[in-house]
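Undergrad: Here you go, this is target.txt (compact mmCIF, C-alpha atoms).
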# COMPACT_ATOMS: atom_id res chain seq x y z
CA MET A 60 0.00 0.00 0.00
CA ASP A 61 2.84 2.39 0.87
CA ALA A 62 4.38 1.76 -2.55
CA ILE A 63 1.09 2.68 -4.25
CA ILE A 64 0.73 5.86 -2.18
CA SER A 65 4.34 6.75 -2.92
CA ALA A 66 3.89 6.21 -6.67
CA ASP A 67 0.64 8.20 -6.51
CA GLU A 68 2.35 11.15 -4.85
CA THR A 69 5.30 10.99 -7.24
CA LEU A 70 2.94 11.14 -10.23
CA PHE A 71 1.00 13.96 -8.56
CA PHE A 72 4.11 16.10 -8.04
CA TRP A 73 5.25 15.40 -11.59
CA ILE A 74 1.96 16.69 -13.05
CA ASN A 75 1.40 19.46 -10.50
CA GLY A 76 5.03 20.54 -10.97
CA ILE A 77 4.10 21.95 -14.39
CA ALA A 78 1.58 24.35 -12.78
CA GLY A 79 2.61 27.96 -12.43
CA LYS A 80 5.04 27.89 -15.36
CA VAL A 81 2.80 28.59 -18.35
CA PRO A 82 0.08 31.17 -17.50
CA ILE A 83 -2.21 30.24 -20.41
CA LEU A 84 -2.07 26.56 -19.44
CA ASP A 85 -2.79 27.48 -15.80
CA TRP A 86 -5.79 29.54 -16.91
CA LEU A 87 -7.09 26.71 -19.11
CA MET A 88 -6.67 24.07 -16.41
CA LYS A 89 -8.26 26.28 -13.77
CA PHE A 90 -11.20 26.77 -16.11
CA LEU A 91 -11.55 23.07 -16.94
CA GLY A 92 -11.13 22.04 -13.33
CA ASP A 93 -13.69 24.35 -11.78
CA ASP A 94 -16.93 23.11 -10.26
CA TYR A 95 -19.29 24.35 -12.98
CA PHE A 96 -17.79 24.46 -16.46
CA VAL A 97 -17.55 20.79 -17.45
CA PHE A 98 -20.68 19.75 -15.57
CA ALA A 99 -22.74 22.52 -17.17
CA ILE A 100 -21.48 21.47 -20.61
CA MET A 101 -22.27 17.80 -19.99
CA ALA A 102 -25.74 18.53 -18.63
CA LEU A 103 -26.44 20.83 -21.59
CA ILE A 104 -25.36 18.01 -23.92
CA LEU A 105 -28.03 15.84 -22.26
CA LEU A 106 -30.57 18.59 -22.91
CA PHE A 107 -29.51 18.66 -26.56
CA LEU A 108 -29.77 14.87 -26.78
CA TRP A 109 -33.34 14.92 -25.48
CA PHE A 110 -34.59 17.37 -28.10
CA GLY A 111 -32.02 16.95 -30.89
CA PHE A 112 -32.80 14.06 -33.24
CA ARG A 113 -33.80 13.58 -36.86
CA ARG A 114 -35.89 10.38 -36.60
CA ALA A 115 -38.28 9.17 -33.89
CA VAL A 116 -36.23 5.98 -33.29
CA GLN A 117 -33.07 8.04 -32.82
CA GLY A 118 -35.01 10.29 -30.44
CA GLU A 119 -36.00 7.41 -28.20
CA THR A 120 -32.41 6.14 -28.06
CA ASN A 121 -31.23 9.64 -27.15
CA GLN A 122 -33.84 9.99 -24.43
CA ARG A 123 -32.95 6.61 -22.94
CA ALA A 124 -29.30 7.71 -22.95
CA VAL A 125 -30.31 10.83 -21.01
CA LEU A 126 -32.23 8.73 -18.47
CA CYS A 127 -29.25 6.39 -18.08
CA ALA A 128 -26.75 9.24 -17.65
CA ALA A 129 -28.98 11.08 -15.17
CA GLY A 130 -29.44 7.90 -13.14
CA ALA A 131 -25.70 7.21 -13.25
CA VAL A 132 -24.87 10.71 -12.00
CA GLY A 133 -27.36 10.30 -9.14
CA LEU A 134 -25.91 6.93 -8.14
CA ALA A 135 -22.32 8.22 -8.37
CA ALA A 136 -23.22 11.19 -6.15
CA ILE A 137 -24.73 8.85 -3.54
CA VAL A 138 -21.64 6.61 -3.51
CA ILE A 139 -19.32 9.61 -3.20
CA HIS A 140 -21.42 10.95 -0.35
CA LEU A 141 -21.13 7.60 1.45
CA PHE A 142 -17.36 7.67 0.92
CA THR A 143 -17.20 11.19 2.31
CA VAL A 144 -19.08 10.16 5.45
CA TYR A 145 -17.69 6.65 6.06
CA GLY A 146 -14.58 6.40 3.87
CA PRO A 147 -10.94 7.26 4.57
CA ASP A 148 -10.34 10.93 5.30
CA ARG A 149 -7.41 11.49 2.95
CA LEU A 150 -6.00 14.99 3.18
CA ARG A 151 -5.95 17.13 0.10
CA PRO A 152 -2.47 17.48 -1.43
CA TYR A 153 -2.27 21.18 -0.46
CA ASP A 154 -3.14 20.28 3.16
CA ALA A 155 -0.68 17.39 3.32
CA TYR A 156 2.18 19.30 1.64
CA PRO A 157 1.33 23.01 1.96
CA ASP A 158 4.82 24.16 0.97
CA LEU A 159 5.30 21.81 -1.98
CA VAL A 160 2.01 21.90 -3.87
CA ASN A 161 1.30 24.48 -6.58
CA LEU A 162 -2.31 25.21 -5.69
CA ILE A 163 -3.83 27.26 -8.49
CA ALA A 164 -7.48 26.56 -7.64
CA TYR A 165 -9.38 27.38 -4.47
CA ALA A 166 -8.93 25.10 -1.47
CA ARG A 167 -11.71 22.56 -0.92
CA THR A 168 -12.67 21.35 2.54
CA ASP A 169 -13.99 17.84 1.76
CA PRO A 170 -11.77 14.70 1.68
CA SER A 171 -9.50 14.14 -1.31
CA PHE A 172 -10.42 10.46 -1.88
CA PRO A 173 -12.29 9.71 -4.11
CA SER A 174 -12.75 12.51 -6.64
CA GLU A 175 -16.41 13.49 -6.98
CA SER A 176 -15.71 15.43 -10.18
CA ALA A 177 -14.12 12.40 -11.85
CA ALA A 178 -17.00 10.17 -10.73
CA VAL A 179 -19.72 12.51 -11.96
CA SER A 180 -18.05 13.39 -15.27
CA PHE A 181 -17.42 9.72 -16.10
CA ALA A 182 -20.96 8.81 -14.99
CA PHE A 183 -22.26 11.37 -17.52
CA ALA A 184 -20.06 10.11 -20.35
CA THR A 185 -20.42 6.37 -19.68
CA GLY A 186 -24.17 6.69 -19.14
CA VAL A 187 -24.57 8.20 -22.60
CA TRP A 188 -22.07 5.81 -24.19
CA LEU A 189 -23.88 2.71 -22.91
CA MET A 190 -27.03 3.72 -24.76
CA LYS A 191 -25.66 5.68 -27.68
CA ARG A 192 -22.15 5.10 -28.94
CA GLY A 193 -20.99 7.90 -31.14
CA ARG A 194 -19.00 11.10 -31.46
CA LEU A 195 -20.98 12.87 -28.75
CA ALA A 196 -20.17 10.19 -26.16
CA ALA A 197 -16.52 10.23 -27.29
CA ALA A 198 -16.44 14.03 -26.88
CA MET A 199 -17.89 13.67 -23.38
CA PHE A 200 -15.17 11.17 -22.46
CA PHE A 201 -12.54 13.55 -23.82
CA VAL A 202 -13.87 16.43 -21.70
CA ALA A 203 -14.08 14.14 -18.65
CA VAL A 204 -10.43 13.14 -19.08
CA LEU A 205 -9.41 16.80 -19.40
CA LEU A 206 -11.32 17.60 -16.20
CA CYS A 207 -9.51 14.78 -14.35
CA LEU A 208 -6.14 15.99 -15.60
CA ALA A 209 -7.02 19.55 -14.60
CA ARG A 210 -7.88 18.45 -11.06
CA VAL A 211 -4.41 16.99 -10.57
CA TYR A 212 -2.69 19.85 -12.38
CA THR A 213 -4.38 22.47 -10.19
CA GLY A 214 -3.33 20.61 -7.05
CA VAL A 215 -6.69 19.53 -5.60
CA HIS A 216 -6.51 15.73 -6.19
CA TYR A 217 -3.99 12.91 -6.31
CA PRO A 218 -4.13 10.65 -9.39
CA LEU A 219 -5.39 7.78 -7.21
CA ASP A 220 -8.39 9.90 -6.12
CA ILE A 221 -9.15 10.44 -9.78
CA LEU A 222 -8.83 6.74 -10.64
CA ALA A 223 -11.19 5.80 -7.81
CA GLY A 224 -13.64 8.48 -8.98
CA VAL A 225 -13.48 7.20 -12.56
CA ALA A 226 -14.15 3.64 -11.36
CA ILE A 227 -17.13 4.82 -9.29
CA GLY A 228 -18.51 6.79 -12.25
CA ILE A 229 -18.22 3.82 -14.63
CA LEU A 230 -19.68 1.35 -12.12
CA ALA A 231 -22.54 3.74 -11.33
CA SER A 232 -23.32 3.95 -15.06
CA LEU A 233 -23.32 0.18 -15.43
CA ALA A 234 -25.61 -0.07 -12.40
CA ALA A 235 -27.96 2.60 -13.81
CA PHE A 236 -27.98 0.79 -17.16
CA GLY A 237 -28.86 -2.48 -15.41
CA ILE A 238 -31.52 -0.86 -13.20
CA LEU A 239 -33.19 0.72 -16.25
CA ARG A 240 -33.46 -2.76 -17.79
CA ILE A 241 -34.73 -4.34 -14.58
CA ILE A 242 -37.43 -1.75 -13.99
CA GLU A 243 -38.66 -1.94 -17.58
CA PRO A 244 -41.43 -1.07 -18.59
CA LEU A 245 -41.23 1.96 -16.22
CA PRO A 246 -38.80 3.91 -18.46
CA THR A 247 -40.99 3.11 -21.48
CA TRP A 248 -44.09 4.31 -19.64
CA PHE A 249 -42.27 7.45 -18.59
CA LEU A 250 -41.26 8.18 -22.18
CA LYS A 251 -44.83 7.49 -23.33
CA LEU A 252 -46.17 9.89 -20.73
CA MET A 253 -43.72 12.54 -21.92
CA ARG A 254 -44.72 11.81 -25.53
CA ILE A 255 -48.39 12.35 -24.73
CA HIS A 256 -47.42 15.80 -23.45
CA TYR A 257 -45.23 16.48 -26.52
CA MET A 258 -42.06 16.45 -24.44
CA ALA A 259 -40.41 13.32 -25.85
CA MET B 281 -29.69 42.42 -5.52
CA LEU B 282 -28.60 39.39 -7.50
CA THR B 283 -27.14 36.59 -5.39
CA PHE B 284 -24.72 33.97 -6.65
CA VAL B 285 -27.71 31.64 -7.09
CA GLY B 286 -29.30 34.27 -9.34
CA VAL B 287 -26.12 34.56 -11.39
CA TYR B 288 -25.94 30.77 -11.75
CA PHE B 289 -29.65 30.51 -12.57
CA LEU B 290 -29.38 33.11 -15.32
CA PHE B 291 -26.29 31.38 -16.72
CA ILE B 292 -28.06 28.02 -17.03
CA TYR B 293 -31.26 29.67 -18.24
CA LEU B 294 -29.54 31.51 -21.10
CA ALA B 295 -27.43 28.51 -22.09
CA SER B 296 -30.49 26.21 -21.99
CA VAL B 297 -32.55 28.52 -24.20
CA GLY B 298 -29.60 28.48 -26.63
CA VAL B 299 -29.20 24.70 -26.53
CA LEU B 300 -32.94 24.23 -27.06
CA GLN B 301 -32.92 26.47 -30.13
CA ILE B 302 -29.95 24.58 -31.59
CA ALA B 303 -31.62 21.23 -30.83
CA VAL B 304 -34.99 22.17 -32.33
CA SER B 305 -33.27 23.63 -35.40
CA TYR B 306 -31.33 20.37 -35.81
CA SER B 307 -34.51 18.31 -35.34
CA LYS B 308 -36.52 20.63 -37.60
CA LEU B 309 -39.12 21.07 -34.84
CA ARG B 310 -40.61 24.20 -36.42
CA GLY B 311 -43.23 24.46 -33.70
CA LEU B 312 -40.59 25.02 -30.99
CA SER B 313 -38.29 27.27 -32.99
CA PHE B 314 -38.36 31.06 -32.67
CA PHE B 315 -37.34 31.41 -36.32
CA THR B 316 -38.57 30.38 -39.73
CA ARG B 317 -35.09 29.39 -40.95
CA PRO B 318 -32.99 26.87 -38.95
CA ILE B 319 -29.77 28.84 -39.53
CA TRP B 320 -31.12 31.65 -37.34
CA GLY B 321 -31.86 29.10 -34.64
CA TYR B 322 -28.24 27.93 -34.73
CA ILE B 323 -26.90 31.50 -34.63
CA PHE B 324 -29.24 32.55 -31.82
CA GLY B 325 -28.47 29.37 -29.88
CA PHE B 326 -24.73 29.86 -30.20
CA LEU B 327 -24.96 33.49 -29.09
CA ALA B 328 -27.20 32.59 -26.12
CA ILE B 329 -24.77 29.89 -24.97
CA VAL B 330 -21.76 32.19 -25.32
CA GLY B 331 -23.75 34.92 -23.55
CA GLY B 332 -24.66 32.59 -20.69
CA PHE B 333 -21.10 31.42 -20.14
CA SER B 334 -19.74 34.98 -20.49
CA TRP B 335 -22.27 36.22 -17.96
CA PHE B 336 -21.24 33.56 -15.46
CA TYR B 337 -17.49 33.69 -15.91
CA ILE B 338 -16.99 37.38 -16.55
CA VAL B 339 -19.73 39.13 -14.58
CA GLY B 340 -20.34 36.55 -11.86
CA ASN B 341 -17.08 35.24 -10.47
CA PRO B 342 -17.93 31.54 -10.08
CA HIS B 343 -15.30 30.62 -7.53
CA PRO B 344 -17.36 29.03 -4.78
CA GLU B 345 -15.17 30.36 -1.98
CA VAL B 346 -16.38 33.79 -2.95
CA ALA B 347 -19.71 34.24 -1.23
CA TYR B 348 -21.02 37.57 -2.39
CA THR B 349 -23.95 39.32 -3.93
CA ILE B 350 -23.75 41.61 -6.90
CA SER B 351 -26.17 44.46 -7.12
CA VAL B 352 -27.24 46.26 -10.26
CA GLY B 353 -25.23 49.19 -8.91
CA ASP B 354 -22.13 47.02 -8.80
CA LEU B 355 -22.69 45.98 -12.39
CA PHE B 356 -22.74 49.63 -13.45
CA ARG B 357 -19.75 50.45 -11.25
CA TYR B 358 -17.53 47.55 -12.27
CA GLY B 359 -18.88 46.75 -15.71
CA PHE B 360 -17.61 43.35 -16.76
CA SER B 361 -14.79 43.17 -14.25
CA ASN B 362 -15.02 41.39 -10.92
CA PRO B 363 -15.25 43.54 -7.80
CA ASN B 364 -12.92 41.05 -6.07
CA PRO B 365 -15.15 40.35 -3.11
CA PRO B 366 -13.87 38.73 0.09
CA SER B 367 -13.61 34.96 0.52
CA THR B 368 -16.27 33.66 2.87
CA GLY B 369 -16.97 30.00 2.04
CA LEU B 370 -18.88 27.66 -0.24
CA ILE B 371 -22.13 28.85 -1.77
CA LEU B 372 -23.56 26.24 -4.10
CA GLY B 373 -23.25 22.60 -3.09
CA ALA B 374 -23.87 19.73 -5.52
CA GLY B 375 -27.52 19.39 -4.49
CA GLU B 376 -28.24 23.10 -4.88
CA SER B 377 -26.44 23.16 -8.24
CA VAL B 378 -28.63 20.33 -9.54
CA PHE B 379 -31.82 21.88 -8.15
CA PHE B 380 -31.20 25.30 -9.68
CA PHE B 381 -29.98 23.71 -12.89
CA LEU B 382 -33.26 21.81 -13.32
CA LEU B 383 -35.25 24.88 -12.33
CA ALA B 384 -33.45 27.00 -14.93
CA VAL B 385 -33.90 24.34 -17.63
CA GLY B 386 -37.61 24.17 -16.77
CA PHE B 387 -37.96 27.94 -17.12
CA ALA B 388 -35.99 27.84 -20.39
CA LEU B 389 -38.37 25.21 -21.72
CA LEU B 390 -41.42 27.24 -20.68
CA THR B 391 -39.95 30.33 -22.33
CA THR B 392 -39.24 28.36 -25.51
CA ILE B 393 -42.80 26.98 -25.60
CA ALA B 394 -44.35 30.38 -24.91
CA ILE B 395 -42.28 32.38 -27.40
CA SER B 396 -42.51 29.79 -30.20
CA SER B 397 -46.28 29.40 -29.68
CA ILE B 398 -46.74 33.17 -29.91
CA VAL B 399 -44.35 33.74 -32.83
CA LYS B 400 -45.64 30.75 -34.83
CA PHE B 401 -49.32 31.00 -34.02
CA ARG B 402 -50.15 31.00 -37.74
CA ILE B 403 -48.24 27.82 -38.52
CA SER B 404 -50.30 25.30 -40.54
CA THR B 405 -51.25 22.30 -38.40
CA ARG B 406 -51.95 20.15 -41.44
CA ALA B 407 -48.45 20.38 -42.85
CA LEU B 408 -47.23 17.02 -41.53
CA GLU B 409 -50.42 15.01 -41.46
CA ASP B 410 -50.27 11.73 -43.37
CA LYS B 411 -52.73 10.39 -45.97
CA ASN B 412 -55.17 9.34 -43.26
CA GLY B 413 -55.08 12.82 -41.80
CA GLU B 414 -53.25 11.66 -38.65
CA ALA B 415 -50.48 13.82 -37.25
CA PRO B 416 -47.33 12.29 -35.73
CA GLU B 417 -47.15 11.94 -31.94
CA GLY B 418 -44.81 13.37 -29.32
CA LEU B 419 -42.11 15.87 -30.22
CA GLU B 420 -42.40 14.78 -33.88
CA ALA B 421 -45.79 16.49 -33.93
CA LEU B 422 -44.06 19.79 -33.20
CA LYS B 423 -42.45 19.67 -36.63
CA GLY B 424 -45.75 20.90 -37.99
CA MET B 425 -47.47 22.74 -35.16
CA THR B 426 -46.71 24.71 -32.04
CA PHE B 427 -46.93 23.25 -28.55
CA PHE B 428 -50.06 25.29 -27.88
CA GLN B 429 -51.70 23.99 -31.07
CA ALA B 430 -50.70 20.42 -30.23
CA ILE B 431 -52.16 20.62 -26.73
CA THR B 432 -55.34 22.25 -28.07
CA ARG B 433 -55.65 19.47 -30.66
CA SER B 434 -55.18 16.81 -27.95
CA LEU B 435 -57.85 18.38 -25.78
CA ARG B 436 -60.24 18.64 -28.75
CA ASN B 437 -59.63 15.01 -29.75
CA GLY B 438 -60.08 13.94 -26.14
CA GLN B 439 -63.43 15.73 -25.96
CA GLY B 440 -64.47 14.25 -29.31
CA LYS B 441 -63.87 10.70 -28.06
CA GLU B 442 -66.16 11.17 -25.06
So that I can check it, write out the structure of this file as structure tokens.

TA:
Amino acid sequence: MDAIISADETLFFWINGIAGKVPILDWLMKFLGDDYFVFAIMALILLFLWFGFRRAVQGETNQRAVLCAAGAVGLAAIVIHLFTVYGPDRLRPYDAYPDLVNLIAYARTDPSFPSESAAVSFAFATGVWLMKRGRLAAAMFFVAVLLCLARVYTGVHYPLDILAGVAIGILASLAAFGILRIIEPLPTWFLKLMRIHYMA
Amino acid sequence: MLTFVGVYFLFIYLASVGVLQIAVSYSKLRGLSFFTRPIWGYIFGFLAIVGGFSWFYIVGNPHPEVAYTISVGDLFRYGFSNPNPPSTGLILGAGESVFFFLLAVGFALLTTIAISSIVKFRISTRALEDKNGEAPEGLEALKGMTFFQAITRSLRNGQGKE
């Protein structure tokens, strides 16, 4: 375990060591790593998916992808909350090594492990991908990876926190995908109800 | 006074109205579009999204450690620069973010329905009916009629069946 923690911290300092050297890169990473930007984009993509389709069949696939992603995000948030309450209280890098970390984002007060941002962003992307594989899902994965990188770069997470978050996000999506199949025909009824009201 | 919640709400509202216009232009849902030509929907949507993000990131400093309110007076005083308010702690948690996001999307949808129904009130409701005179269901129906027309038609058909 000590070897893993040591490797994790070494990788963290290698990535975070770049921070503060290139202002434009710092600005970009700060932007990508903040609490609103990526999540707003991903949620707006879901909104586009719900209403943006050319054929009715494509529309239903899109809307099921939105349901899956929304469920996955909810599940991921619950798991992260449980980790925050009952899990290990790992200090944030800037708290553990205040003199060594290049903190270019604001200091959070919740535990470092696991990363909620990584979990939620991967829940969004995987949830969509499980129902609708295409360029949009690929773009969401790309943005999620950038967010994860930005979190380490800005000094708020260790790489291991990110990996745990990614795993939680993917597992939550698989669970949401499975639940949607188990509770069928509820999703179909929901979509029918929305269709009656011209909203699906 | 506009609190941080207000700034966030307006950001999501503007961006959602923009995304909806792009989506309905892409889907050719004429009944939900503000415009007769899809290209204007794309342009308007893009500008609304850029406007929403600009509003949030330029006018309303989104760093959650900055708990502050911006007044209309501050907007005039500082223009598009941040007044650099003091750091006082988190404002929007995950739950609040989701709640206000959904609220803003709901308002954006209502606005879209209202404006498109008013602007397109003369749209022909027979445009997409098939040979049997039946119109498509769900959102597909809004390719040929406004939301208001679709609801009115549903209510009329419902009354006719009784």

Undergrad: Could you state the separation of atom CA of Ile163 of chain A and atom CA of Leu87 of chain A in Å, given to one decimal place?

TA: 11.1 Å

Undergrad: For each of A:Trp73, A:Phe142, A:Phe96, A:Tyr217, take the minimum atom-to-atom distance to Val202 of chain A, counting only C-alpha atoms, then give the residue where this is smallest.

TA: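 Residue with the minimum atom-to-atom distance to Val202 of chain A: A:Phe96.
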
Undergrad: Using only C-alpha atoms, I'd like every residue of chain A that has an atom within 9 Å of chain B; please write them out as a PyMOL selection string.

TA: chain A and resi 93-96+99+102-104+106-115+136+164-167+251+253-259

Undergrad: For Leu70 of chain A, work out the shell of residues within 12 Å, counting only C-alpha atoms and skipping chain neighbours fewer than 3 positions away, then give it as a ChimeraX atom specification.

TA: /A:63-67,73-77,208,211-212,214,216-219

Undergrad: Could you state the separation of atom CA of Arg151 of chain A and atom CA of Ala234 of chain A in Å, given to one decimal place?

TA: 29.0 Å

Undergrad: Please measure the separation of atom CA of Phe98 of chain A and atom CA of Phe324 of chain B, giving the value in Å to one decimal.

TA: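 Computing it gives 22.4 Å between the two atoms.
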
Undergrad: B:Phe428, B:Leu435, B:Val287, B:Tyr322: which is nearest Ile338 of chain B, counting only C-alpha atoms?

TA: B:Val287

Undergrad: Tell me, as a PyMOL selection string, which residues lie within 7 Å of segment 190-199 of chain A, counting all atoms listed in the file; anything in the same chain fewer than 2 positions away does not count.

TA: chain A and resi 101+120-121+123-124+184+186-188+201-203

Undergrad: For the selection you just gave me, I'd like the residues written to a file as a PDB file, in the coordinates of the input, keeping C-alpha atoms.

TA:
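Contents of the output file out-v4.pdb:
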ATOM      1  CA  MET A 101     -22.270  17.800 -19.990  1.00  0.00           C
ATOM      2  CA  THR A 120     -32.410   6.140 -28.060  1.00  0.00           C
ATOM      3  CA  ASN A 121     -31.230   9.640 -27.150  1.00  0.00           C
ATOM      4  CA  ARG A 123     -32.950   6.610 -22.940  1.00  0.00           C
ATOM      5  CA  ALA A 124     -29.300   7.710 -22.950  1.00  0.00           C
ATOM      6  CA  ALA A 184     -20.060  10.110 -20.350  1.00  0.00           C
ATOM      7  CA  GLY A 186     -24.170   6.690 -19.140  1.00  0.00           C
ATOM      8  CA  VAL A 187     -24.570   8.200 -22.600  1.00  0.00           C
ATOM      9  CA  TRP A 188     -22.070   5.810 -24.190  1.00  0.00           C
ATOM     10  CA  PHE A 201     -12.540  13.550 -23.820  1.00  0.00           C
ATOM     11  CA  VAL A 202     -13.870  16.430 -21.700  1.00  0.00           C
ATOM     12  CA  ALA A 203     -14.080  14.140 -18.650  1.00  0.00           C
TER      13      ALA A 203
END

Undergrad: Would you compute an axis-aligned box for segment 309-323 of chain B, covering every atom listed for it in the file with 3 Å of margin on each side, and report centre and edge lengths in Å to one decimal as AutoDock Vina command-line options?

TA:
--center_x -35.1 --center_y 26.4 --center_z -36.0 --size_x 22.3 --size_y 16.6 --size_z 16.0
